[in-house]
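A short write-up of the structure that comes next.
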Amino acid sequence: MKQVRPYTFIKDKEKMKDFLKLNKEDFLKSYSYLYEEEYDATVWEYIKHTRNAYKRQILDD
């Protein structure tokens, strides 16, 4: 059976602004059409992006 990755909204600037401001519960209330799995997938994607940006910053210094 093929496994499908949950949708992430990492490239949606408006959602990401709220993502950084609101806690998970409030965010999911505001965007009731999104699933918790999508939120969680975005958390992991955000962690990957910020970790990689931090590594690049250290290597560039």
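Residues in the structure tokens are named by chain (A, B, ... in the order shown) and by number from 1 within that chain; ligands are numbered from 1 in the order shown.
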Write out as a PyMOL selection string all residues of chain A that backbone DSSP assigns to helix (DSSP H, G or I).
chain A and resi 13-21+24-30+36-60
Exercise: Leu28 of chain A partners within 10 Å, only C-alpha atoms, chain neighbours under 5 positions left out, as a ChimeraX atom specification:
/A:19,22-23,33-36,38-39
Store the residues picked out above in a file with C-alpha atoms, as a CSV table (one decimal), in the first residue's frame.
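Heads up, here's the output in part-v9.csv:
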```
chain,number,residue,atom,x,y,z
A,19,PHE,CA,1.4,29.3,12.8
A,22,LEU,CA,-0.8,30.8,17.7
A,23,ASN,CA,-0.6,27.6,19.7
A,33,TYR,CA,-10.5,22.9,7.4
A,34,LEU,CA,-7.0,21.7,8.2
A,35,TYR,CA,-6.3,18.4,9.9
A,36,GLU,CA,-4.0,17.9,12.9
A,38,GLU,CA,-1.2,18.6,8.4
A,39,TYR,CA,-0.3,20.9,11.3
```
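Distance annotation: of A:Ser32, A:Glu37, A:Phe27, A:Glu45, the residue with the minimal separation from Lys11 of chain A is A:Glu45; atom set is only C-alpha atoms.
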For segment 2-41 of chain A against segment 47-51 of chain A, with a cut-off of 12 Å and counting only C-alpha atoms, what is the closest atom pair and its distance in Å to one decimal for every residue that makes the cut, ordered by chain and number, as CSV?
```
residue,atom,partner,partner_atom,distance
A:Ile10,CA,A:His49,CA,9.5
A:Lys11,CA,A:His49,CA,11.3
A:Asp40,CA,A:Ile47,CA,10.7
A:Ala41,CA,A:Ile47,CA,10.0
```
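Of the listed residues (A:Asp12, A:Val43, A:Asn52, A:Pro6), A:Val43 comes nearest to Lys24 of chain A; the distances count only C-alpha atoms.
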